[in-house]
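Undergrad: File entry19.cif below, mmCIF, C-alpha atoms:
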```cif
data_entry
loop_
_atom_site.label_atom_id
_atom_site.label_comp_id
_atom_site.auth_asym_id
_atom_site.auth_seq_id
_atom_site.Cartn_x
_atom_site.Cartn_y
_atom_site.Cartn_z
CA MET A 22 210.89 9.09 2.37
CA ILE A 23 212.39 11.65 4.74
CA THR A 24 212.30 10.75 8.42
CA ALA A 25 212.44 13.15 11.36
CA ASP A 26 215.84 11.66 12.22
CA TYR A 27 217.14 12.51 8.77
CA ILE A 28 215.94 16.12 9.04
CA LEU A 29 217.59 16.35 12.45
CA LEU A 30 220.82 15.00 10.96
CA CYS A 31 220.79 17.57 8.14
CA LEU A 32 220.00 20.41 10.54
CA GLY A 33 222.82 19.31 12.85
CA MET A 34 225.32 19.01 10.00
CA GLY A 35 224.15 22.34 8.59
CA PHE A 36 224.53 24.07 11.94
CA VAL A 37 228.08 22.86 12.68
CA THR A 38 229.10 23.70 9.11
CA TYR A 39 227.55 27.16 9.15
CA ILE A 40 228.99 28.37 12.47
CA PRO A 41 232.69 28.19 11.44
CA ARG A 42 231.77 29.95 8.19
CA TRP A 43 229.87 32.73 9.92
CA ALA A 44 231.46 33.41 13.33
CA PRO A 45 234.75 34.98 12.14
CA LEU A 46 232.94 37.21 9.62
CA PHE A 47 230.47 38.29 12.26
CA ALA A 48 233.11 38.88 14.94
CA LEU A 49 235.94 40.38 12.91
CA SER A 50 234.58 42.34 9.97
CA GLN A 51 233.11 45.18 12.04
CA ARG A 52 236.29 46.08 13.87
CA THR A 53 239.86 47.10 13.19
CA LEU A 54 242.24 44.20 13.59
CA PRO A 55 245.72 44.49 15.08
CA ARG A 56 248.42 44.87 12.44
CA TRP A 57 250.00 41.47 13.12
CA LEU A 58 246.66 39.69 12.76
CA GLU A 59 245.91 41.38 9.43
CA GLU A 60 249.36 40.40 8.22
CA TRP A 61 248.88 36.85 9.44
CA LEU A 62 245.50 36.57 7.73
CA ASP A 63 247.05 37.98 4.55
CA LEU A 64 249.46 35.03 4.57
CA ILE A 65 246.73 32.42 5.04
CA PRO A 66 245.30 32.05 1.49
CA ALA A 67 248.46 30.89 -0.28
CA ALA A 68 249.11 28.57 2.65
CA ILE A 69 245.63 27.06 2.45
CA LEU A 70 245.87 26.61 -1.32
CA SER A 71 249.19 24.77 -1.01
CA ALA A 72 247.89 22.69 1.86
CA LEU A 73 244.82 21.71 -0.16
CA ILE A 74 246.65 20.85 -3.37
CA LEU A 75 249.97 19.22 -2.54
CA PRO A 76 248.70 16.27 -0.45
CA ALA A 77 246.06 15.57 -3.11
CA LEU A 78 248.81 15.35 -5.73
CA VAL A 79 251.51 13.34 -3.96
CA THR A 80 249.57 10.98 -1.71
CA VAL A 81 247.30 8.06 -2.61
CA GLY A 82 245.10 5.56 -0.81
CA GLU A 83 243.67 5.31 2.66
CA PRO A 84 245.71 5.38 4.91
CA ARG A 85 247.57 7.81 2.69
CA GLN A 86 250.94 6.92 1.22
CA LEU A 87 253.50 9.00 -0.60
CA SER A 88 253.43 8.51 -4.38
CA PHE A 89 255.06 10.52 -7.12
CA GLY A 90 253.59 8.64 -10.05
CA SER A 91 249.93 9.57 -10.00
CA LYS A 92 248.18 10.87 -13.10
CA ASP A 93 247.08 13.89 -11.05
CA LEU A 94 250.69 14.87 -10.32
CA ILE A 95 252.02 14.24 -13.84
CA VAL A 96 249.32 16.45 -15.35
CA ALA A 97 249.82 19.10 -12.64
CA VAL A 98 253.36 19.93 -13.84
CA PRO A 99 252.50 21.28 -17.33
CA VAL A 100 249.28 22.82 -15.98
CA PHE A 101 251.22 24.71 -13.29
CA LEU A 102 253.79 25.95 -15.82
CA PHE A 103 251.00 27.05 -18.15
CA ALA A 104 249.36 28.98 -15.30
CA LEU A 105 252.70 30.65 -14.47
CA ARG A 106 253.20 31.73 -18.10
CA THR A 107 249.69 32.80 -19.05
CA ARG A 108 248.02 33.59 -15.69
CA SER A 109 244.78 32.60 -17.42
CA LEU A 110 242.30 30.81 -15.16
CA GLY A 111 239.97 29.68 -17.95
CA GLY A 112 242.86 28.49 -20.11
CA THR A 113 244.41 26.61 -17.22
CA VAL A 114 241.16 24.81 -16.40
CA VAL A 115 240.54 23.81 -20.02
CA LEU A 116 244.16 22.67 -20.52
CA GLY A 117 244.07 20.72 -17.25
CA MET A 118 240.91 18.88 -18.27
CA ALA A 119 242.25 18.14 -21.76
CA LEU A 120 245.59 16.82 -20.47
CA TYR A 121 243.90 14.76 -17.74
CA TRP A 122 241.55 13.24 -20.27
CA LEU A 123 244.50 12.53 -22.59
CA ALA A 124 246.54 11.06 -19.73
CA GLY A 125 243.60 8.79 -18.94
CA LYS A 126 243.70 7.49 -22.54
CA VAL A 127 247.49 7.04 -22.60
CA LEU A 128 248.29 5.91 -19.05
CA GLY A 129 245.00 4.14 -18.37
CA MET B 26 240.18 47.89 -3.29
CA SER B 27 239.03 51.15 -4.78
CA ASP B 28 235.27 51.17 -5.18
CA HIS B 29 235.10 53.67 -8.02
CA THR B 30 236.72 51.21 -10.45
CA VAL B 31 234.06 48.57 -9.82
CA PRO B 32 230.76 49.13 -11.67
CA THR B 33 227.75 48.91 -9.39
CA ASP B 34 224.86 48.22 -11.79
CA LYS B 35 222.98 44.99 -11.20
CA VAL B 36 223.62 43.37 -14.58
CA PRO B 37 227.45 43.59 -14.57
CA ILE B 38 227.45 42.33 -11.00
CA LEU B 39 225.59 39.15 -11.94
CA GLN B 40 227.52 38.78 -15.19
CA ASP B 41 230.91 39.22 -13.52
CA GLY B 42 229.97 36.83 -10.73
CA ILE B 43 228.75 34.12 -13.07
CA ARG B 44 231.70 34.58 -15.43
CA ALA B 45 234.12 34.18 -12.53
CA ALA B 46 232.27 31.18 -11.10
CA TRP B 47 232.28 28.92 -14.16
CA PRO B 48 235.42 26.90 -13.33
CA ILE B 49 233.94 26.08 -9.92
CA CYS B 50 230.59 25.16 -11.46
CA LEU B 51 232.32 22.92 -13.99
CA GLY B 52 234.12 21.18 -11.16
CA TYR B 53 231.02 20.80 -9.01
CA VAL B 54 228.95 19.03 -11.67
CA PRO B 55 230.82 15.67 -11.68
CA ILE B 56 231.31 15.71 -7.90
CA GLY B 57 227.66 16.59 -7.31
CA LEU B 58 226.48 13.88 -9.70
CA ALA B 59 228.76 11.33 -8.05
CA PHE B 60 227.45 12.30 -4.63
CA GLY B 61 223.86 11.99 -5.82
CA VAL B 62 224.50 8.53 -7.24
CA LEU B 63 226.18 7.33 -4.04
CA ALA B 64 223.49 8.82 -1.81
CA GLN B 65 220.76 7.23 -3.88
CA LYS B 66 222.52 3.85 -3.57
CA ALA B 67 222.59 4.43 0.19
CA GLY B 68 218.80 4.75 0.12
CA LEU B 69 218.28 8.53 0.05
CA SER B 70 215.56 9.99 -2.17
CA PRO B 71 216.33 12.93 -4.50
CA LEU B 72 214.40 15.17 -2.11
CA ALA B 73 216.47 13.96 0.85
CA ILE B 74 219.64 14.55 -1.16
CA GLY B 75 218.54 18.07 -2.06
CA LEU B 76 217.70 18.80 1.58
CA MET B 77 221.19 17.84 2.71
CA SER B 78 222.87 19.82 -0.10
CA VAL B 79 220.85 22.94 0.73
CA LEU B 80 221.33 22.75 4.49
CA VAL B 81 224.98 21.66 4.54
CA PHE B 82 226.60 22.68 1.21
CA ALA B 83 229.93 21.01 1.94
CA GLY B 84 231.07 18.35 -0.51
CA SER B 85 233.49 16.25 1.49
CA ALA B 86 231.37 16.28 4.66
CA GLN B 87 228.35 15.12 2.67
CA PHE B 88 230.28 12.19 1.17
CA ILE B 89 231.48 11.18 4.62
CA ALA B 90 227.96 11.51 6.08
CA VAL B 91 226.49 9.18 3.46
CA ALA B 92 229.23 6.62 4.04
CA MET B 93 228.60 6.82 7.80
CA LEU B 94 224.83 6.49 7.32
CA GLU B 95 225.40 3.34 5.31
CA ALA B 96 227.67 2.02 8.05
CA GLY B 97 224.88 2.63 10.57
CA SER B 98 226.48 5.52 12.47
CA GLY B 99 224.34 7.66 14.77
CA ILE B 100 223.40 11.29 14.24
CA ALA B 101 225.78 12.60 16.92
CA ALA B 102 228.78 10.82 15.43
CA ILE B 103 228.04 12.16 11.94
CA VAL B 104 227.51 15.72 13.21
CA VAL B 105 230.78 15.70 15.19
CA THR B 106 232.66 14.35 12.17
CA THR B 107 231.10 17.07 9.99
CA LEU B 108 232.27 19.71 12.45
CA THR B 109 235.87 18.51 12.38
CA VAL B 110 235.88 18.20 8.59
CA ASN B 111 234.55 21.75 8.18
CA LEU B 112 236.50 23.59 10.89
CA ARG B 113 238.88 24.76 8.17
CA HIS B 114 236.24 27.30 7.14
CA LEU B 115 237.07 29.22 10.33
CA LEU B 116 240.36 30.16 8.77
CA MET B 117 238.85 31.04 5.40
CA SER B 118 236.11 33.16 6.94
CA SER B 119 238.75 35.00 9.00
CA ALA B 120 240.88 35.70 5.94
CA LEU B 121 237.85 36.98 4.01
CA CYS B 122 236.75 39.42 6.70
CA VAL B 123 239.52 41.85 5.74
CA HIS B 124 237.67 42.38 2.46
CA LEU B 125 234.15 42.49 3.89
CA LYS B 126 234.45 45.42 6.27
CA GLY B 127 231.36 47.46 7.00
CA ILE B 128 228.89 45.13 5.30
CA ARG B 129 225.60 44.72 7.12
CA LYS B 130 225.17 41.65 9.28
CA PRO B 131 222.28 40.02 7.37
CA TRP B 132 224.38 40.16 4.18
CA LEU B 133 227.35 38.70 6.06
CA ALA B 134 225.10 35.89 7.28
CA LEU B 135 224.05 35.16 3.69
CA PHE B 136 227.65 35.39 2.50
CA ALA B 137 228.91 32.99 5.17
CA TYR B 138 226.58 30.24 3.92
CA GLY B 139 228.46 30.11 0.62
CA ILE B 140 232.05 29.98 1.87
CA THR B 141 233.68 26.87 0.42
CA ASP B 142 237.30 26.01 -0.39
CA GLU B 143 236.58 26.96 -3.98
CA SER B 144 234.60 30.19 -3.55
CA PHE B 145 237.05 31.32 -0.87
CA ALA B 146 240.09 30.83 -3.09
CA LEU B 147 238.49 32.48 -6.10
CA ASN B 148 236.96 35.46 -4.30
CA LEU B 149 240.11 36.17 -2.34
CA VAL B 150 242.22 36.32 -5.49
CA LYS B 151 239.66 38.62 -7.12
CA PHE B 152 239.54 40.91 -4.07
CA ARG B 153 243.33 41.16 -4.18
CA GLU B 154 243.28 42.13 -7.83
CA GLY B 155 241.11 45.07 -6.77
CA ILE B 156 238.39 44.38 -9.31
CA TRP B 157 235.98 42.73 -6.93
CA ASP B 158 233.32 43.66 -4.40
CA TRP B 159 231.16 41.74 -1.97
CA LYS B 160 228.15 41.60 -4.28
CA ARG B 161 230.15 39.87 -6.99
CA ALA B 162 231.64 37.55 -4.39
CA LEU B 163 228.17 36.79 -3.06
CA THR B 164 227.06 35.96 -6.60
CA VAL B 165 229.92 33.48 -6.93
CA ASN B 166 228.93 31.86 -3.62
CA HIS B 167 225.31 31.41 -4.56
CA VAL B 168 225.70 30.47 -8.21
CA THR B 169 228.10 27.70 -7.19
CA ASN B 170 225.67 26.65 -4.46
CA ALA B 171 222.83 26.39 -6.96
CA VAL B 172 224.97 24.25 -9.26
CA TRP B 173 225.98 22.00 -6.35
CA VAL B 174 222.40 21.45 -5.16
CA THR B 175 221.13 20.82 -8.69
CA SER B 176 223.93 18.38 -9.59
CA THR B 177 223.46 16.31 -6.44
CA VAL B 178 219.70 16.02 -7.03
CA ILE B 179 220.20 15.08 -10.71
CA GLY B 180 222.73 12.48 -9.58
CA GLY B 181 220.11 11.07 -7.25
CA LEU B 182 217.50 11.02 -10.02
CA GLY B 183 219.58 8.94 -12.40
CA GLY B 184 223.13 10.15 -12.56
CA ALA B 185 224.27 6.59 -13.11
CA PHE B 186 223.35 7.09 -16.78
CA ILE B 187 225.73 10.02 -17.15
CA PRO B 188 229.21 8.85 -18.16
CA ALA B 189 231.70 9.36 -15.35
CA HIS B 190 235.13 10.90 -15.95
CA ALA B 191 234.10 12.44 -19.29
CA PHE B 192 236.46 15.00 -20.87
CA GLY B 193 238.78 15.17 -17.85
CA ILE B 194 236.11 17.13 -15.98
CA ASP B 195 237.32 15.49 -12.74
CA TYR B 196 240.42 17.63 -13.02
CA ALA B 197 238.63 21.00 -13.33
CA LEU B 198 238.93 21.96 -9.66
CA THR B 199 242.55 20.81 -9.32
CA SER B 200 243.49 22.94 -12.34
CA MET B 201 241.62 25.90 -10.89
CA PHE B 202 243.40 25.57 -7.55
CA LEU B 203 246.78 25.33 -9.29
CA CYS B 204 246.13 28.57 -11.16
CA LEU B 205 244.80 30.36 -8.07
CA LEU B 206 247.93 29.24 -6.22
CA VAL B 207 250.05 30.80 -8.97
CA TYR B 208 248.15 34.09 -8.47
CA GLN B 209 248.97 33.94 -4.76
CA LEU B 210 252.72 33.54 -5.28
CA ARG B 211 253.42 37.27 -5.25
CA GLY B 212 257.08 37.22 -4.25
CA ARG B 213 259.70 35.16 -2.48
CA LEU B 214 257.99 35.18 0.90
CA TYR B 215 254.81 33.75 -0.59
CA VAL B 216 256.68 31.07 -2.52
CA LEU B 217 258.59 30.09 0.60
CA LYS B 218 255.42 30.01 2.65
CA GLY B 219 253.61 27.99 -0.01
CA LEU B 220 256.41 25.44 0.13
CA ILE B 221 256.29 25.29 3.93
CA ALA B 222 252.52 24.82 3.86
CA GLY B 223 252.64 22.18 1.13
CA ILE B 224 255.39 20.14 2.75
CA ALA B 225 253.85 20.43 6.22
CA ALA B 226 250.48 19.38 4.79
CA VAL B 227 251.98 16.33 3.10
CA VAL B 228 253.83 15.26 6.26
CA ILE B 229 250.78 15.75 8.49
CA SER B 230 248.42 14.09 6.00
CA LEU B 231 250.66 11.03 5.99
CA THR B 232 250.67 10.77 9.78
CA ILE B 233 247.16 11.83 10.82
CA PRO B 234 244.02 10.53 9.10
CA GLY B 235 241.26 12.98 8.21
CA ASN B 236 241.75 16.50 6.89
CA SER B 237 243.16 18.30 9.92
CA TYR B 238 246.33 18.77 7.88
CA ILE B 239 244.72 21.68 6.01
CA VAL B 240 244.25 23.86 9.08
CA ALA B 241 247.44 22.69 10.83
CA ALA B 242 249.70 23.26 7.83
CA SER B 243 248.14 26.64 6.97
CA VAL B 244 248.57 27.93 10.53
CA ILE B 245 252.16 26.70 10.69
CA ALA B 246 253.04 28.25 7.33
CA ALA B 247 251.36 31.62 7.94
CA THR B 248 252.99 31.91 11.37
CA ALA B 249 256.36 30.96 9.91
CA GLY B 250 255.79 33.53 7.15
CA LEU B 251 255.05 36.25 9.68
CA LEU B 252 258.17 35.40 11.71
CA ILE B 253 260.31 35.35 8.57
CA ARG B 254 258.91 38.74 7.54
CA ARG B 255 259.79 40.18 10.95
CA GLN B 256 263.29 38.69 10.98
CA PHE B 257 264.21 39.43 7.37
CA PRO B 258 262.24 42.48 6.19
CA GLN B 259 264.35 42.69 3.03
CA ILE B 260 262.75 39.48 1.70
CA GLU B 261 259.73 41.60 0.76
CA LYS B 262 261.74 43.85 -1.59
CA ASP B 263 262.82 40.91 -3.66
CA ARG B 264 259.91 39.82 -5.80
CA GLY B 265 261.69 36.63 -6.74
CA PRO B 266 261.46 34.83 -10.04
CA LEU B 267 257.70 35.31 -10.49
#
```
Could you render the structure as structure tokens?
TA:
Amino acid sequence: MITADYILLCLGMGFVTYIPRWAPLFALSQRTLPRWLEEWLDLIPAAILSALILPALVTVGEPRQLSFGSKDLIVAVPVFLFALRTRSLGGTVVLGMALYWLAGKVLG
Amino acid sequence: MSDHTVPTDKVPILQDGIRAAWPICLGYVPIGLAFGVLAQKAGLSPLAIGLMSVLVFAGSAQFIAVAMLEAGSGIAAIVVTTLTVNLRHLLMSSALCVHLKGIRKPWLALFAYGITDESFALNLVKFREGIWDWKRALTVNHVTNAVWVTSTVIGGLGGAFIPAHAFGIDYALTSMFLCLLVYQLRGRLYVLKGLIAGIAAVVISLTIPGNSYIVAASVIAATAGLLIRRQFPQIEKDRGPL
């Protein structure tokens, strides 16, 4: 059963999630940005990708602790090298899954 | 981006969008199923699960919300937590706007709904390659959304019967991010900045709970990158080992 409180919760969560997704597009895409801001924004994607990936690979647990032995990290090394060599997204995803599955069998 | 190289018929648009989106979809299925199973255990019906997935469409925030619901948290606390978890989209939306100039506001509003870590990373790389337009990007956003909503509802209906961790599918998104990161390393400056961001993110993630490290580290690294570019313009000429 769905209560009024639950609908309110989902609407609230939806609203605070949507605004950060929408406001910059709405505010910035219709105007010319200053050169430094365009350059800065151009540097953001690689930074975000690194910031998303690296902690997930080298930290474990809650509170997080540094660890260089996780299955995720061990598999990431050949997968990264494969991506560098081939630049194939599909190939990288398939190889990553295969190696992770294999690592699960071998390392437990 | 030069528009004349990108076909504008409807069928290629959908095909290209779906073809590009498959790694994300593959990654969303196990996470969506897992979320559905957890949410169902927390007492949510499949319909309630679908409602949250449609209205929120943000994986990590939804997991946290269900955990907080189970712990008896109030609506306000869950909404505030959701806001802090999803503030990172501010940065992604800002970075995307460079590629979405001149698009009408209703379309922008529809596009914004589908901005996730995954669709952002994928679309941005495609835009940079010059073979992408906003309609294809919009397709990626909404195909991945449909897969997310469907997987969470199926998880709620009986996902416990689907074997978890099958075929290394848990690693699909990590692999995709690794490859997209490789695409972004377009010279020494980008490698350097990636290292700064990664190391900063690790340090911050070890000291501050939550996911504020994503925004903090990205801002630090992009600012450092800009300063380095200003101080040492010659770094740009050297494409580095990649």
Undergrad: Exactly which residues make up the result of the PyMOL selection byres ((chain A) within 7 of (chain B)) on this file, given as a ChimeraX atom specification?
TA: /A:22-23,30-35,37-39,41-43,45-47,49-51,61-65,67-73,75-76,84-86,100-101,104-105,110,113-114,117-119,121-122
Undergrad: Restricting the calculation to all atoms listed in the file, which member of B:Gly183, B:Arg161, B:Thr169, B:Ala46 is positioned closest to Asp34 of chain B?
TA: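 Closest candidate: B:Arg161.
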Undergrad: Would you kindly translate the PyMOL selection byres ((chain B and resi 38) around 12) into the concrete residues it picks from this file, as a PyMOL selection string?
TA: chain B and resi 31-37+39-45+156-165
Undergrad: Which neighbours of Phe89 of chain A fall inside 9 Å, counting only C-alpha atoms, when residues of the same chain fewer than 5 positions from it are skipped, and could you give them as JSON, numbers by chain?
TA: {"A": [78, 79, 80, 94, 95]}
Undergrad: Enter the distance from atom CA of Pro99 of chain A to atom CA of Leu116 of chain A, in Å, rounded to one decimal.
TA: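 Separation of atom CA of Pro99 of chain A and atom CA of Leu116 of chain A: 9.0 Å.
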Undergrad: Box time for segment 101-118 of chain A: axis-aligned, enclosing all its listed atoms, 8 Å extra on each side; report centre and edge lengths in Å to one decimal, as lines of an AutoDock Vina configuration file.
TA:
```
center_x = 246.9
center_y = 26.2
center_z = -16.9
size_x = 29.8
size_y = 30.7
size_z = 23.2
```
Undergrad: Quick one, how far is atom CA of Cys50 of chain B from atom CA of Ser85 of chain B?
TA: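 That distance, rounded to one decimal, is 16.0 Å.
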Undergrad: What is the atom CA of Ser176 of chain B to atom CA of Gly111 of chain A distance in Å?
TA: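 According to the coordinates, atom CA of Ser176 of chain B and atom CA of Gly111 of chain A are separated by 21.3 Å.
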Undergrad: Taking all atoms listed in the file into account, name the residue in B:Val168, B:Val62, B:Ile260, B:Ile179 that is nearest to Phe88 of chain B.
TA: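 Smallest distance to Phe88 of chain B is found for B:Val62.
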Undergrad: List the neighbours of Leu58 of chain B out to 6 Å using only C-alpha atoms; skip same-chain residues closer than 3 positions along the sequence, and give me the result as a ChimeraX atom specification.
TA: /B:55,61,176-177,180,184
